[in-house]
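Heads up, upload_33.pdb below (PDB, C-alpha atoms and all ligand atoms):
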```pdb
ATOM      1  CA  MET A 171     -20.483  86.970  13.284  1.00  0.00           C
ATOM      2  CA  THR A 172     -16.866  88.053  13.371  1.00  0.00           C
ATOM      3  CA  GLU A 173     -14.358  86.374  11.128  1.00  0.00           C
ATOM      4  CA  ASN A 174     -12.974  83.936  13.685  1.00  0.00           C
ATOM      5  CA  SER A 175     -15.978  83.269  15.873  1.00  0.00           C
ATOM      6  CA  ALA A 176     -17.382  79.753  16.098  1.00  0.00           C
ATOM      7  CA  PRO A 177     -20.689  79.067  14.370  1.00  0.00           C
ATOM      8  CA  THR A 178     -23.554  79.664  16.754  1.00  0.00           C
ATOM      9  CA  GLU A 179     -26.140  77.628  14.866  1.00  0.00           C
ATOM     10  CA  THR A 180     -27.089  74.356  16.512  1.00  0.00           C
ATOM     11  CA  THR A 181     -26.678  71.646  13.934  1.00  0.00           C
ATOM     12  CA  ILE A 182     -28.088  68.152  13.608  1.00  0.00           C
ATOM     13  CA  LEU A 183     -26.921  65.444  11.249  1.00  0.00           C
ATOM     14  CA  VAL A 184     -29.488  63.715   9.038  1.00  0.00           C
ATOM     15  CA  LEU A 185     -27.813  60.521   7.884  1.00  0.00           C
ATOM     16  CA  ASN A 186     -29.165  58.047   5.336  1.00  0.00           C
ATOM     17  CA  GLY A 187     -27.748  54.643   4.524  1.00  0.00           C
ATOM     18  CA  PRO A 188     -27.677  52.337   1.519  1.00  0.00           C
ATOM     19  CA  ASN A 189     -30.116  52.609  -1.364  1.00  0.00           C
ATOM     20  CA  LEU A 190     -31.842  55.680   0.043  1.00  0.00           C
ATOM     21  CA  ASN A 191     -30.251  57.657  -2.808  1.00  0.00           C
ATOM     22  CA  LEU A 192     -32.792  55.802  -4.980  1.00  0.00           C
ATOM     23  CA  LEU A 193     -35.819  57.252  -3.170  1.00  0.00           C
ATOM     24  CA  GLY A 194     -38.526  58.330  -5.570  1.00  0.00           C
ATOM     25  CA  THR A 195     -37.849  55.549  -8.061  1.00  0.00           C
ATOM     26  CA  ARG A 196     -37.137  52.650  -5.684  1.00  0.00           C
ATOM     27  CA  GLU A 197     -40.219  50.530  -4.883  1.00  0.00           C
ATOM     28  CA  PRO A 198     -42.513  53.574  -4.683  1.00  0.00           C
ATOM     29  CA  ALA A 199     -45.328  51.463  -3.229  1.00  0.00           C
ATOM     30  CA  VAL A 200     -43.079  50.872  -0.201  1.00  0.00           C
ATOM     31  CA  TYR A 201     -40.968  54.044   0.014  1.00  0.00           C
ATOM     32  CA  GLY A 202     -43.212  56.640  -1.665  1.00  0.00           C
ATOM     33  CA  SER A 203     -42.531  59.022  -4.520  1.00  0.00           C
ATOM     34  CA  ARG A 204     -40.444  61.643  -2.728  1.00  0.00           C
ATOM     35  CA  THR A 205     -36.787  61.771  -3.742  1.00  0.00           C
ATOM     36  CA  LEU A 206     -33.863  62.114  -1.348  1.00  0.00           C
ATOM     37  CA  ALA A 207     -33.597  65.760  -2.443  1.00  0.00           C
ATOM     38  CA  ASP A 208     -37.238  66.220  -1.382  1.00  0.00           C
ATOM     39  CA  VAL A 209     -36.377  64.633   1.975  1.00  0.00           C
ATOM     40  CA  GLU A 210     -33.436  66.994   2.361  1.00  0.00           C
ATOM     41  CA  ASP A 211     -35.725  69.973   1.671  1.00  0.00           C
ATOM     42  CA  LEU A 212     -38.301  68.804   4.216  1.00  0.00           C
ATOM     43  CA  CYS A 213     -35.572  68.187   6.795  1.00  0.00           C
ATOM     44  CA  ARG A 214     -34.088  71.652   6.310  1.00  0.00           C
ATOM     45  CA  ALA A 215     -37.544  73.245   6.632  1.00  0.00           C
ATOM     46  CA  ALA A 216     -38.438  71.215   9.737  1.00  0.00           C
ATOM     47  CA  ALA A 217     -35.086  71.990  11.356  1.00  0.00           C
ATOM     48  CA  ALA A 218     -35.252  75.692  10.496  1.00  0.00           C
ATOM     49  CA  ALA A 219     -38.668  75.849  12.166  1.00  0.00           C
ATOM     50  CA  GLU A 220     -36.950  74.565  15.315  1.00  0.00           C
ATOM     51  CA  GLY A 221     -33.996  76.952  14.950  1.00  0.00           C
ATOM     52  CA  LEU A 222     -31.655  74.130  13.915  1.00  0.00           C
ATOM     53  CA  GLY A 223     -29.256  73.733  11.023  1.00  0.00           C
ATOM     54  CA  VAL A 224     -28.847  70.474   9.115  1.00  0.00           C
ATOM     55  CA  GLU A 225     -25.921  68.550   7.774  1.00  0.00           C
ATOM     56  CA  PHE A 226     -27.414  66.057   5.307  1.00  0.00           C
ATOM     57  CA  LEU A 227     -25.464  62.981   4.195  1.00  0.00           C
ATOM     58  CA  GLN A 228     -26.184  59.701   2.414  1.00  0.00           C
ATOM     59  CA  SER A 229     -23.803  56.830   1.833  1.00  0.00           C
ATOM     60  CA  ASN A 230     -24.042  53.282   0.544  1.00  0.00           C
ATOM     61  CA  HIS A 231     -20.925  52.342   2.546  1.00  0.00           C
ATOM     62  CA  GLU A 232     -20.951  51.145   6.134  1.00  0.00           C
ATOM     63  CA  GLY A 233     -17.524  52.632   6.954  1.00  0.00           C
ATOM     64  CA  ALA A 234     -18.502  56.043   5.585  1.00  0.00           C
ATOM     65  CA  LEU A 235     -21.598  56.008   7.805  1.00  0.00           C
ATOM     66  CA  ILE A 236     -19.433  55.113  10.814  1.00  0.00           C
ATOM     67  CA  ASP A 237     -17.045  57.964   9.959  1.00  0.00           C
ATOM     68  CA  ALA A 238     -19.980  60.395   9.681  1.00  0.00           C
ATOM     69  CA  ILE A 239     -21.299  59.330  13.105  1.00  0.00           C
ATOM     70  CA  HIS A 240     -17.848  59.792  14.649  1.00  0.00           C
ATOM     71  CA  ALA A 241     -17.445  63.217  13.011  1.00  0.00           C
ATOM     72  CA  ALA A 242     -20.859  64.299  14.304  1.00  0.00           C
ATOM     73  CA  ARG A 243     -19.495  64.197  17.842  1.00  0.00           C
ATOM     74  CA  GLY A 244     -17.635  67.413  17.069  1.00  0.00           C
ATOM     75  CA  THR A 245     -20.181  69.113  14.850  1.00  0.00           C
ATOM     76  CA  ALA A 246     -23.740  68.060  15.690  1.00  0.00           C
ATOM     77  CA  ARG A 247     -26.012  67.888  18.733  1.00  0.00           C
ATOM     78  CA  GLY A 248     -27.815  64.763  17.555  1.00  0.00           C
ATOM     79  CA  ILE A 249     -28.512  62.522  14.596  1.00  0.00           C
ATOM     80  CA  VAL A 250     -31.597  61.500  12.620  1.00  0.00           C
ATOM     81  CA  PHE A 251     -30.530  58.186  11.159  1.00  0.00           C
ATOM     82  CA  ASN A 252     -32.067  55.885   8.588  1.00  0.00           C
ATOM     83  CA  PRO A 253     -29.468  53.112   8.353  1.00  0.00           C
ATOM     84  CA  GLY A 254     -31.337  51.300   5.541  1.00  0.00           C
ATOM     85  CA  ALA A 255     -30.591  47.587   5.447  1.00  0.00           C
ATOM     86  CA  TYR A 256     -27.611  48.031   7.795  1.00  0.00           C
ATOM     87  CA  THR A 257     -30.259  48.421  10.504  1.00  0.00           C
ATOM     88  CA  HIS A 258     -30.691  44.681  10.430  1.00  0.00           C
ATOM     89  CA  THR A 259     -27.043  43.652  10.100  1.00  0.00           C
ATOM     90  CA  SER A 260     -24.607  46.154  11.543  1.00  0.00           C
ATOM     91  CA  ILE A 261     -23.181  45.750  15.011  1.00  0.00           C
ATOM     92  CA  ALA A 262     -20.476  48.217  13.900  1.00  0.00           C
ATOM     93  CA  LEU A 263     -23.038  50.980  13.332  1.00  0.00           C
ATOM     94  CA  ALA A 264     -24.697  50.233  16.668  1.00  0.00           C
ATOM     95  CA  ASP A 265     -21.289  50.487  18.350  1.00  0.00           C
ATOM     96  CA  ALA A 266     -20.651  53.815  16.607  1.00  0.00           C
ATOM     97  CA  VAL A 267     -23.980  55.202  17.819  1.00  0.00           C
ATOM     98  CA  ALA A 268     -23.306  53.990  21.371  1.00  0.00           C
ATOM     99  CA  GLY A 269     -19.754  55.310  21.232  1.00  0.00           C
ATOM    100  CA  VAL A 270     -20.495  58.931  20.371  1.00  0.00           C
ATOM    101  CA  GLU A 271     -23.135  59.417  23.066  1.00  0.00           C
ATOM    102  CA  LEU A 272     -25.251  61.702  20.883  1.00  0.00           C
ATOM    103  CA  PRO A 273     -29.041  61.334  20.831  1.00  0.00           C
ATOM    104  CA  VAL A 274     -29.971  59.343  17.738  1.00  0.00           C
ATOM    105  CA  ILE A 275     -33.489  59.097  16.347  1.00  0.00           C
ATOM    106  CA  GLU A 276     -33.809  55.995  14.152  1.00  0.00           C
ATOM    107  CA  VAL A 277     -36.164  56.450  11.200  1.00  0.00           C
ATOM    108  CA  HIS A 278     -37.662  53.960   8.786  1.00  0.00           C
ATOM    109  CA  ILE A 279     -39.907  55.178   6.016  1.00  0.00           C
ATOM    110  CA  SER A 280     -41.745  51.863   5.735  1.00  0.00           C
ATOM    111  CA  ASN A 281     -43.350  49.939   8.557  1.00  0.00           C
ATOM    112  CA  VAL A 282     -40.618  47.314   8.829  1.00  0.00           C
ATOM    113  CA  HIS A 283     -42.802  45.272  11.191  1.00  0.00           C
ATOM    114  CA  LYS A 284     -45.341  44.665   8.411  1.00  0.00           C
ATOM    115  CA  ARG A 285     -42.597  43.399   6.124  1.00  0.00           C
ATOM    116  CA  GLU A 286     -40.243  40.393   5.969  1.00  0.00           C
ATOM    117  CA  ALA A 287     -39.132  38.888   9.289  1.00  0.00           C
ATOM    118  CA  PHE A 288     -35.495  39.839   8.646  1.00  0.00           C
ATOM    119  CA  ARG A 289     -36.541  43.499   8.868  1.00  0.00           C
ATOM    120  CA  HIS A 290     -38.098  43.076  12.319  1.00  0.00           C
ATOM    121  CA  HIS A 291     -34.815  43.167  14.194  1.00  0.00           C
ATOM    122  CA  SER A 292     -32.779  46.360  14.532  1.00  0.00           C
ATOM    123  CA  TYR A 293     -29.276  46.547  15.972  1.00  0.00           C
ATOM    124  CA  ILE A 294     -29.726  50.314  16.203  1.00  0.00           C
ATOM    125  CA  SER A 295     -32.946  50.517  18.254  1.00  0.00           C
ATOM    126  CA  PRO A 296     -31.351  49.501  21.599  1.00  0.00           C
ATOM    127  CA  VAL A 297     -28.919  52.421  21.327  1.00  0.00           C
ATOM    128  CA  ALA A 298     -31.364  54.935  19.804  1.00  0.00           C
ATOM    129  CA  ALA A 299     -33.153  57.601  21.838  1.00  0.00           C
ATOM    130  CA  ALA A 300     -36.340  56.965  19.826  1.00  0.00           C
ATOM    131  CA  VAL A 301     -37.541  55.049  16.799  1.00  0.00           C
ATOM    132  CA  ILE A 302     -40.022  56.266  14.162  1.00  0.00           C
ATOM    133  CA  VAL A 303     -41.280  53.592  11.810  1.00  0.00           C
ATOM    134  CA  GLY A 304     -43.847  53.561   9.028  1.00  0.00           C
ATOM    135  CA  ALA A 305     -44.705  57.265   8.897  1.00  0.00           C
ATOM    136  CA  GLY A 306     -43.303  57.618   5.381  1.00  0.00           C
ATOM    137  CA  THR A 307     -40.908  60.475   4.753  1.00  0.00           C
ATOM    138  CA  ASP A 308     -42.904  62.470   7.321  1.00  0.00           C
ATOM    139  CA  GLY A 309     -40.972  60.368   9.852  1.00  0.00           C
ATOM    140  CA  TYR A 310     -37.944  62.603   9.242  1.00  0.00           C
ATOM    141  CA  ARG A 311     -39.964  65.677  10.259  1.00  0.00           C
ATOM    142  CA  LEU A 312     -41.246  63.914  13.382  1.00  0.00           C
ATOM    143  CA  ALA A 313     -37.706  62.819  14.226  1.00  0.00           C
ATOM    144  CA  ILE A 314     -36.342  66.345  13.851  1.00  0.00           C
ATOM    145  CA  GLN A 315     -39.095  67.758  16.064  1.00  0.00           C
ATOM    146  CA  HIS A 316     -38.357  65.177  18.742  1.00  0.00           C
ATOM    147  CA  LEU A 317     -34.599  65.689  18.476  1.00  0.00           C
ATOM    148  CA  ALA A 318     -35.182  69.435  18.822  1.00  0.00           C
ATOM    149  CA  SER A 319     -37.046  68.850  22.078  1.00  0.00           C
ATOM    150  CA  ILE A 320     -34.172  66.674  23.366  1.00  0.00           C
ATOM    151  CA  VAL A 321     -31.557  69.246  22.368  1.00  0.00           C
ATOM    152  CA  ARG A 322     -33.543  72.061  24.045  1.00  0.00           C
ATOM    153  CA  ASP A 323     -33.809  70.193  27.376  1.00  0.00           C
TER     154      ASP A 323
HETATM  155  C1  LIG B   1     -34.985  51.323   4.352  1.00  0.00           C
HETATM  156  C2  LIG B   1     -34.309  50.289   3.799  1.00  0.00           C
HETATM  157  O1  LIG B   1     -33.440  50.488   2.818  1.00  0.00           O
HETATM  158  C3  LIG B   1     -34.563  48.899   4.204  1.00  0.00           C
HETATM  159  O2  LIG B   1     -33.440  48.077   4.048  1.00  0.00           O
HETATM  160  C4  LIG B   1     -35.095  48.809   5.632  1.00  0.00           C
HETATM  161  C5  LIG B   1     -35.847  51.170   5.540  1.00  0.00           C
HETATM  162  C6  LIG B   1     -36.270  49.749   5.809  1.00  0.00           C
HETATM  163  C7  LIG B   1     -36.977  52.165   5.533  1.00  0.00           C
HETATM  164  O3  LIG B   1     -38.149  51.790   5.648  1.00  0.00           O
HETATM  165  O4  LIG B   1     -36.697  53.361   5.446  1.00  0.00           O
HETATM  166  O5  LIG B   1     -35.461  47.484   5.912  1.00  0.00           O
END
```

Go ahead and express the file in the form of structure tokens.
Ligand code: DHK
Amino acid sequence: MTENSAPTETTILVLNGPNLNLLGTREPAVYGSRTLADVEDLCRAAAAAEGLGVEFLQSNHEGALIDAIHAARGTARGIVFNPGAYTHTSIALADAVAGVELPVIEVHISNVHKREAFRHHSYISPVAAAVIVGAGTDGYRLAIQHLASIVRD
């Protein structure tokens, strides 16, 4: 690559919302024993196998997640997104996803449909390209593989 040439790598954003920084110690019976750093490693490996690069971000703040989605419009071909509890509350995040017109794969580590009723509704699902629920942290790998197939088409 010459000094001024644009990066040629196709990049995806893997975005995690509130409390996912606690993975590994947070309710391991629900979320498993893998840490967020382990998830980042598995995402980078899964993406590399598909010829994709990864930008990996986590925030506990709704506005920061919105900013990251907006910024992805210029830097990423799609988003793997676990919005955490904002899934069930945030019209603003749903509007951000709809607004950037990037393919978004919504991921939940736990099977939210086996849990409390307030987790059964997602504001994100109607604007997501696909939803992967209850596959544990392996859901991130599945999401990346599916996003790769969308990006290739
Ligand atoms: C993660 C959270 O933090 C919860 O608020 C969601 C989701 C479920 C998950 O399973 O990854 O309800």

Residues near segment 197-206 of chain A, cut-off 12 Å, all atoms listed in the file, skip fewer than 3 positions along chain, as a ChimeraX atom specification | /A:184-194,209-213,226-229,252,254,278-282,284-285,303-310

Using the chain letters and numbers from the file, which residues does the PyMOL selection byres (((chain A and resi 220) around 12) and not hetatm) grab, as number ranges by chain?
-> A: 179-182, 213-219, 221-224, 311-322

Quick one: what's the axis-aligned box for segment 202-220 of chain A, all listed atoms, 4 Å on every side, centre and edges in Å to one decimal, as AutoDock Vina command-line options?
```
--center_x -38.3 --center_y 66.2 --center_z 5.4 --size_x 17.8 --size_y 27.2 --size_z 27.8
```

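Residues selected in this file by the PyMOL selection byres (((chain A and resi 271) around 10) and not hetatm) comprise His240, Arg243, Arg247, Gly248, Ala266, Val267, Ala268, Gly269, Val270, Leu272, Pro273, Val274, Val297 and Ala298 of chain A.
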
Output file for the selection above: C-alpha atoms, as a PDB file, keeping the file's coordinate frame:
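What follows is the written file out34.pdb:
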```pdb
ATOM      1  CA  HIS A 240     -17.848  59.792  14.649  1.00  0.00           C
ATOM      2  CA  ARG A 243     -19.495  64.197  17.842  1.00  0.00           C
ATOM      3  CA  ARG A 247     -26.012  67.888  18.733  1.00  0.00           C
ATOM      4  CA  GLY A 248     -27.815  64.763  17.555  1.00  0.00           C
ATOM      5  CA  ALA A 266     -20.651  53.815  16.607  1.00  0.00           C
ATOM      6  CA  VAL A 267     -23.980  55.202  17.819  1.00  0.00           C
ATOM      7  CA  ALA A 268     -23.306  53.990  21.371  1.00  0.00           C
ATOM      8  CA  GLY A 269     -19.754  55.310  21.232  1.00  0.00           C
ATOM      9  CA  VAL A 270     -20.495  58.931  20.371  1.00  0.00           C
ATOM     10  CA  LEU A 272     -25.251  61.702  20.883  1.00  0.00           C
ATOM     11  CA  PRO A 273     -29.041  61.334  20.831  1.00  0.00           C
ATOM     12  CA  VAL A 274     -29.971  59.343  17.738  1.00  0.00           C
ATOM     13  CA  VAL A 297     -28.919  52.421  21.327  1.00  0.00           C
ATOM     14  CA  ALA A 298     -31.364  54.935  19.804  1.00  0.00           C
TER      15      ALA A 298
END
```

Atom-to-atom span, atom CA of Tyr293 of chain A and atom CA of Ala207 of chain A, Å = 27.0 Å

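The closest residue to Glu276 of chain A, picked from A:Asp208, A:Phe288, A:Arg196, A:Ala264 and counting all atoms listed in the file, is A:Ala264.
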
Quote the spacing between atom O2 of ligand LIG 1 (chain B) and atom CA of Glu225 of chain A in Å to one decimal place.
-> 22.1 Å

Using only C-alpha atoms and all ligand atoms, the best pick from A:Leu263, A:Ala300, A:His291, A:Ala255 as closest to ligand LIG 1 (chain B) would be A:Ala255

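With atom O1 of ligand LIG 1 (chain B) on one side and atom CA of Ala246 of chain A on the other, the separation reads 23.8 Å.
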
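Using only C-alpha atoms and all ligand atoms, the nearest neighbour of ligand LIG 1 (chain B) within the list A:Ala234, A:Ala242, A:Val277, A:Ile249 is A:Val277.
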
For Ala287 of chain A, which residue out of A:Thr195, A:Asp265, A:His258, A:Ala238 is the nearest one, using all atoms listed in the file?
-> A:His258

Pick out the closest residue to ligand LIG 1 (chain B) from this set: A:Leu183, A:Ile261, A:Ile294, A:Ala241. Count all atoms listed in the file.
-> A:Ile294

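Here the selection is built from all atoms listed in the file, and the residues within 9 Å of (-20.3, 51.3, 7.1) turn out to be Gly187, Ser229, Asn230, His231, Glu232, Gly233, Ala234, Leu235, Ile236, Asp237, Tyr256, Ser260, Ala262 and Leu263 of chain A.
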